[in-house]
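Here is protein.pdb, consisting of PDB, C-alpha atoms, pLDDT in the B column:
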```
ATOM      1  CA  MET A 102       0.000   0.000   0.000  1.00 62.00           C
ATOM      2  CA  ILE A 103       1.238   3.495  -0.757  1.00 72.00           C
ATOM      3  CA  THR A 104       1.667   5.433   2.446  1.00 78.00           C
ATOM      4  CA  GLY A 105       2.960   8.727   1.106  1.00 77.00           C
ATOM      5  CA  GLY A 106       6.052   8.646   3.273  1.00 79.00           C
ATOM      6  CA  GLY A 107       9.621   9.188   2.193  1.00 82.00           C
ATOM      7  CA  GLU A 108      11.423  11.761   0.120  1.00 85.00           C
ATOM      8  CA  LEU A 109      10.113  12.611  -3.360  1.00 83.00           C
ATOM      9  CA  THR A 110      12.376  12.106  -6.357  1.00 86.00           C
ATOM     10  CA  THR A 111      12.236  14.266  -9.474  1.00 90.00           C
ATOM     11  CA  TYR A 112      11.744  12.339 -12.727  1.00 90.00           C
ATOM     12  CA  ARG A 113      14.465  12.995 -15.288  1.00 91.00           C
ATOM     13  CA  PRO A 114      13.771  11.458 -18.697  1.00 91.00           C
ATOM     14  CA  GLY A 115      16.596   9.911 -20.671  1.00 88.00           C
ATOM     15  CA  PRO A 116      17.747  11.212 -24.025  1.00 89.00           C
ATOM     16  CA  PRO A 117      15.429  10.724 -27.018  1.00 89.00           C
ATOM     17  CA  MET A 118      15.576   7.444 -28.919  1.00 87.00           C
ATOM     18  CA  MET A 119      13.664   6.072 -31.880  1.00 89.00           C
ATOM     19  CA  ALA A 120      13.333   2.735 -33.662  1.00 85.00           C
ATOM     20  CA  LEU A 121      11.322   2.476 -36.861  1.00 86.00           C
ATOM     21  CA  SER A 122      10.780  -1.019 -38.157  1.00 80.00           C
ATOM     22  CA  LEU A 123       9.509  -1.448 -41.690  1.00 84.00           C
ATOM     23  CA  GLY A 124       8.479  -5.067 -41.748  1.00 76.00           C
ATOM     24  CA  PRO A 125      10.722  -8.030 -40.951  1.00 76.00           C
ATOM     25  CA  HIS A 126      13.611  -6.965 -43.206  1.00 82.00           C
ATOM     26  CA  ALA A 127      14.005  -3.173 -42.993  1.00 84.00           C
ATOM     27  CA  GLY A 128      14.167  -0.310 -40.541  1.00 85.00           C
ATOM     28  CA  VAL A 129      16.394   2.202 -38.822  1.00 88.00           C
ATOM     29  CA  ALA A 130      17.041   3.171 -35.201  1.00 88.00           C
ATOM     30  CA  PHE A 131      18.696   6.106 -33.469  1.00 89.00           C
ATOM     31  CA  THR A 132      20.130   6.171 -29.962  1.00 84.00           C
ATOM     32  CA  PRO A 133      22.430   8.808 -28.503  1.00 85.00           C
ATOM     33  CA  ARG A 134      24.832   6.075 -27.440  1.00 81.00           C
ATOM     34  CA  THR A 135      25.215   4.415 -30.852  1.00 78.00           C
ATOM     35  CA  ASP A 136      24.021   7.176 -33.174  1.00 82.00           C
ATOM     36  CA  ARG A 137      22.266   5.481 -36.136  1.00 84.00           C
ATOM     37  CA  LEU A 138      21.681   1.753 -36.464  1.00 81.00           C
ATOM     38  CA  GLY A 139      21.088   0.366 -39.919  1.00 84.00           C
ATOM     39  CA  ALA A 140      18.403  -2.024 -41.086  1.00 84.00           C
ATOM     40  CA  GLU A 141      20.189  -5.225 -40.054  1.00 85.00           C
ATOM     41  CA  ALA A 142      20.711  -4.149 -36.431  1.00 83.00           C
ATOM     42  CA  THR A 143      17.191  -2.713 -36.170  1.00 81.00           C
ATOM     43  CA  VAL A 144      15.627  -5.888 -37.552  1.00 79.00           C
ATOM     44  CA  GLN A 145      17.698  -8.024 -35.204  1.00 79.00           C
ATOM     45  CA  ALA A 146      16.697  -5.924 -32.208  1.00 76.00           C
ATOM     46  CA  LYS A 147      13.049  -5.314 -33.005  1.00 71.00           C
ATOM     47  CA  SER A 148      11.431  -6.338 -36.249  1.00 59.00           C
ATOM     48  CA  SER A 149      12.372  -9.947 -36.786  1.00 61.00           C
ATOM     49  CA  THR A 150      10.209 -11.274 -33.938  1.00 67.00           C
ATOM     50  CA  LEU A 151       8.494  -8.155 -32.590  1.00 70.00           C
ATOM     51  CA  ARG A 152       9.684  -9.546 -29.242  1.00 73.00           C
ATOM     52  CA  THR A 153       6.794 -12.011 -29.256  1.00 78.00           C
ATOM     53  CA  SER A 154       8.797 -14.665 -27.383  1.00 79.00           C
ATOM     54  CA  PHE A 155       9.160 -12.241 -24.443  1.00 82.00           C
ATOM     55  CA  TYR A 156       5.382 -11.809 -24.228  1.00 83.00           C
ATOM     56  CA  GLU A 157       4.673 -15.501 -24.801  1.00 84.00           C
ATOM     57  CA  GLU A 158       6.850 -16.325 -21.798  1.00 86.00           C
ATOM     58  CA  LEU A 159       5.450 -13.452 -19.713  1.00 89.00           C
ATOM     59  CA  PHE A 160       1.844 -14.556 -20.243  1.00 88.00           C
ATOM     60  CA  GLY A 161       2.535 -18.303 -20.256  1.00 87.00           C
ATOM     61  CA  LEU A 162       1.497 -18.804 -23.886  1.00 83.00           C
ATOM     62  CA  THR A 163       2.756 -21.926 -25.618  1.00 72.00           C
ATOM     63  CA  ALA A 164       0.714 -22.190 -28.827  1.00 62.00           C
ATOM     64  CA  ARG A 165       1.698 -19.954 -31.744  1.00 57.00           C
ATOM     65  CA  LEU A 166      -0.503 -18.952 -34.630  1.00 55.00           C
ATOM     66  CA  GLY A 167       0.512 -19.758 -38.174  1.00 51.00           C
TER      67      GLY A 167
END
```

Would you mind giving the structure from this file in structure tokens?
Amino acid sequence: MITGGGELTTYRPGPPMMALSLGPHAGVAFTPRTDRLGAEATVQAKSSTLRTSFYEELFGLTARLG
């Protein structure tokens, strides 16, 4: 339960980032740390699976469509 005690902390957002996937084989991403990522890195990080395995495990799903 939230009691309202303790010191408040100011939220400080991180630097802007963006990842644009264009299907399973194309895309681009930008992070301040790495500058621009090309299609291959973006697809590997995001587009190839849309991170579905993470959510399947999180929600205990075993059957896949298709």

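With atom CA of A:Arg134 on one side and atom CA of A:Thr111 on the other, the separation reads 23.4 Å.
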
Counting only C-alpha atoms, write as an mmCIF file with C-alpha atoms, in the coordinates of the input all protein and nucleic acid residues lying at most 10 Å from (11.0, -5.5, -36.5) in the file's frame.
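For reference, part.cif as written:
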```cif
data_model
loop_
_atom_site.group_PDB
_atom_site.id
_atom_site.type_symbol
_atom_site.label_atom_id
_atom_site.label_comp_id
_atom_site.auth_asym_id
_atom_site.auth_seq_id
_atom_site.Cartn_x
_atom_site.Cartn_y
_atom_site.Cartn_z
ATOM 1 C CA ALA A 120 13.333 2.735 -33.662
ATOM 2 C CA LEU A 121 11.322 2.476 -36.861
ATOM 3 C CA SER A 122 10.780 -1.019 -38.157
ATOM 4 C CA LEU A 123 9.509 -1.448 -41.690
ATOM 5 C CA GLY A 124 8.479 -5.067 -41.748
ATOM 6 C CA PRO A 125 10.722 -8.030 -40.951
ATOM 7 C CA HIS A 126 13.611 -6.965 -43.206
ATOM 8 C CA ALA A 127 14.005 -3.173 -42.993
ATOM 9 C CA GLY A 128 14.167 -0.310 -40.541
ATOM 10 C CA VAL A 129 16.394 2.202 -38.822
ATOM 11 C CA ALA A 140 18.403 -2.024 -41.086
ATOM 12 C CA GLU A 141 20.189 -5.225 -40.054
ATOM 13 C CA ALA A 142 20.711 -4.149 -36.431
ATOM 14 C CA THR A 143 17.191 -2.713 -36.170
ATOM 15 C CA VAL A 144 15.627 -5.888 -37.552
ATOM 16 C CA GLN A 145 17.698 -8.024 -35.204
ATOM 17 C CA ALA A 146 16.697 -5.924 -32.208
ATOM 18 C CA LYS A 147 13.049 -5.314 -33.005
ATOM 19 C CA SER A 148 11.431 -6.338 -36.249
ATOM 20 C CA SER A 149 12.372 -9.947 -36.786
ATOM 21 C CA THR A 150 10.209 -11.274 -33.938
ATOM 22 C CA LEU A 151 8.494 -8.155 -32.590
ATOM 23 C CA ARG A 152 9.684 -9.546 -29.242
#
```

Next on the checklist: Please list as a ChimeraX atom specification every residue within 12 Å of A:Pro133, counting all atoms listed in the file and excluding residues in the same chain fewer than 6 positions away.
Outcome noted: /A:115-119

Kindly provide, as AutoDock Vina command-line options, the centre and edge lengths (Å, one decimal) of an axis-aligned box around all atoms of stretch 129-135 of chain A given in the file, with 8 Å on each side.
```
--center_x 20.8 --center_y 5.5 --center_z -33.1 --size_x 24.8 --size_y 22.6 --size_z 27.4
```

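Counting from atom CA of A:Pro114, the distance to atom CA of A:Thr135 is 18.1 Å.
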
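Taking atom CA of A:Leu138 and atom CA of A:Glu157 as the two end points, the separation is 26.9 Å.
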
Since the input lacks some atoms of stretch 122-133 of chain A, please model all heavy atoms and print them as a PDB file, in the frame of the given file.
```pdb
ATOM      1  N   SER A 122      10.675   0.223 -37.402  1.00 80.00           N
ATOM      2  CA  SER A 122      10.780  -1.019 -38.157  1.00 80.00           C
ATOM      3  C   SER A 122       9.827  -0.959 -39.336  1.00 80.00           C
ATOM      4  O   SER A 122       8.705  -0.483 -39.226  1.00 80.00           O
ATOM      5  CB  SER A 122      10.465  -2.222 -37.264  1.00 80.00           C
ATOM      6  OG  SER A 122       9.201  -2.080 -36.674  1.00 80.00           O
ATOM      7  N   LEU A 123      10.306  -1.433 -40.466  1.00 84.00           N
ATOM      8  CA  LEU A 123       9.509  -1.448 -41.690  1.00 84.00           C
ATOM      9  C   LEU A 123       9.406  -2.893 -42.158  1.00 84.00           C
ATOM     10  O   LEU A 123      10.052  -3.302 -43.107  1.00 84.00           O
ATOM     11  CB  LEU A 123      10.166  -0.565 -42.755  1.00 84.00           C
ATOM     12  CG  LEU A 123      10.348   0.896 -42.350  1.00 84.00           C
ATOM     13  CD1 LEU A 123      11.244   1.619 -43.331  1.00 84.00           C
ATOM     14  CD2 LEU A 123       9.005   1.579 -42.225  1.00 84.00           C
ATOM     15  N   GLY A 124       8.616  -3.657 -41.436  1.00 76.00           N
ATOM     16  CA  GLY A 124       8.479  -5.067 -41.748  1.00 76.00           C
ATOM     17  C   GLY A 124       9.631  -5.877 -41.183  1.00 76.00           C
ATOM     18  O   GLY A 124      10.458  -5.371 -40.438  1.00 76.00           O
ATOM     19  N   PRO A 125       9.712  -7.146 -41.535  1.00 76.00           N
ATOM     20  CA  PRO A 125      10.722  -8.030 -40.951  1.00 76.00           C
ATOM     21  C   PRO A 125      12.120  -7.892 -41.555  1.00 76.00           C
ATOM     22  O   PRO A 125      13.042  -8.555 -41.100  1.00 76.00           O
ATOM     23  CB  PRO A 125      10.152  -9.422 -41.214  1.00 76.00           C
ATOM     24  CG  PRO A 125       9.309  -9.260 -42.420  1.00 76.00           C
ATOM     25  CD  PRO A 125       8.748  -7.865 -42.355  1.00 76.00           C
ATOM     26  N   HIS A 126      12.305  -7.036 -42.548  1.00 82.00           N
ATOM     27  CA  HIS A 126      13.611  -6.965 -43.206  1.00 82.00           C
ATOM     28  C   HIS A 126      14.188  -5.558 -43.341  1.00 82.00           C
ATOM     29  O   HIS A 126      15.245  -5.392 -43.949  1.00 82.00           O
ATOM     30  CB  HIS A 126      13.535  -7.597 -44.596  1.00 82.00           C
ATOM     31  CG  HIS A 126      13.029  -8.991 -44.567  1.00 82.00           C
ATOM     32  ND1 HIS A 126      13.745 -10.036 -44.031  1.00 82.00           N
ATOM     33  CD2 HIS A 126      11.858  -9.514 -44.979  1.00 82.00           C
ATOM     34  CE1 HIS A 126      13.040 -11.143 -44.124  1.00 82.00           C
ATOM     35  NE2 HIS A 126      11.887 -10.862 -44.696  1.00 82.00           N
ATOM     36  N   ALA A 127      13.516  -4.539 -42.821  1.00 84.00           N
ATOM     37  CA  ALA A 127      14.005  -3.173 -42.993  1.00 84.00           C
ATOM     38  C   ALA A 127      13.685  -2.331 -41.769  1.00 84.00           C
ATOM     39  O   ALA A 127      12.805  -2.654 -40.990  1.00 84.00           O
ATOM     40  CB  ALA A 127      13.369  -2.541 -44.226  1.00 84.00           C
ATOM     41  N   GLY A 128      14.412  -1.235 -41.634  1.00 85.00           N
ATOM     42  CA  GLY A 128      14.167  -0.310 -40.541  1.00 85.00           C
ATOM     43  C   GLY A 128      15.414   0.483 -40.218  1.00 85.00           C
ATOM     44  O   GLY A 128      16.480   0.282 -40.794  1.00 85.00           O
ATOM     45  N   VAL A 129      15.268   1.392 -39.282  1.00 88.00           N
ATOM     46  CA  VAL A 129      16.394   2.202 -38.822  1.00 88.00           C
ATOM     47  C   VAL A 129      16.119   2.591 -37.371  1.00 88.00           C
ATOM     48  O   VAL A 129      14.973   2.689 -36.954  1.00 88.00           O
ATOM     49  CB  VAL A 129      16.587   3.454 -39.712  1.00 88.00           C
ATOM     50  CG1 VAL A 129      15.439   4.415 -39.567  1.00 88.00           C
ATOM     51  CG2 VAL A 129      17.914   4.123 -39.427  1.00 88.00           C
ATOM     52  N   ALA A 130      17.181   2.770 -36.604  1.00 88.00           N
ATOM     53  CA  ALA A 130      17.041   3.171 -35.201  1.00 88.00           C
ATOM     54  C   ALA A 130      18.084   4.231 -34.882  1.00 88.00           C
ATOM     55  O   ALA A 130      19.144   4.287 -35.501  1.00 88.00           O
ATOM     56  CB  ALA A 130      17.214   1.968 -34.284  1.00 88.00           C
ATOM     57  N   PHE A 131      17.760   5.084 -33.917  1.00 89.00           N
ATOM     58  CA  PHE A 131      18.696   6.106 -33.469  1.00 89.00           C
ATOM     59  C   PHE A 131      18.733   6.083 -31.954  1.00 89.00           C
ATOM     60  O   PHE A 131      17.695   6.096 -31.296  1.00 89.00           O
ATOM     61  CB  PHE A 131      18.261   7.499 -33.929  1.00 89.00           C
ATOM     62  CG  PHE A 131      19.073   8.589 -33.290  1.00 89.00           C
ATOM     63  CD1 PHE A 131      20.327   8.911 -33.778  1.00 89.00           C
ATOM     64  CD2 PHE A 131      18.604   9.259 -32.173  1.00 89.00           C
ATOM     65  CE1 PHE A 131      21.092   9.897 -33.165  1.00 89.00           C
ATOM     66  CE2 PHE A 131      19.359  10.246 -31.569  1.00 89.00           C
ATOM     67  CZ  PHE A 131      20.606  10.555 -32.069  1.00 89.00           C
ATOM     68  N   THR A 132      19.923   6.016 -31.393  1.00 84.00           N
ATOM     69  CA  THR A 132      20.130   6.171 -29.962  1.00 84.00           C
ATOM     70  C   THR A 132      21.319   7.101 -29.768  1.00 84.00           C
ATOM     71  O   THR A 132      22.252   7.087 -30.566  1.00 84.00           O
ATOM     72  CB  THR A 132      20.418   4.826 -29.259  1.00 84.00           C
ATOM     73  OG1 THR A 132      21.672   4.338 -29.695  1.00 84.00           O
ATOM     74  CG2 THR A 132      19.331   3.809 -29.530  1.00 84.00           C
ATOM     75  N   PRO A 133      21.301   7.917 -28.739  1.00 85.00           N
ATOM     76  CA  PRO A 133      22.430   8.808 -28.503  1.00 85.00           C
ATOM     77  C   PRO A 133      23.736   8.046 -28.288  1.00 85.00           C
ATOM     78  O   PRO A 133      24.800   8.513 -28.638  1.00 85.00           O
ATOM     79  CB  PRO A 133      22.034   9.563 -27.235  1.00 85.00           C
ATOM     80  CG  PRO A 133      20.567   9.433 -27.147  1.00 85.00           C
ATOM     81  CD  PRO A 133      20.223   8.134 -27.799  1.00 85.00           C
TER      82      PRO A 133
END
```
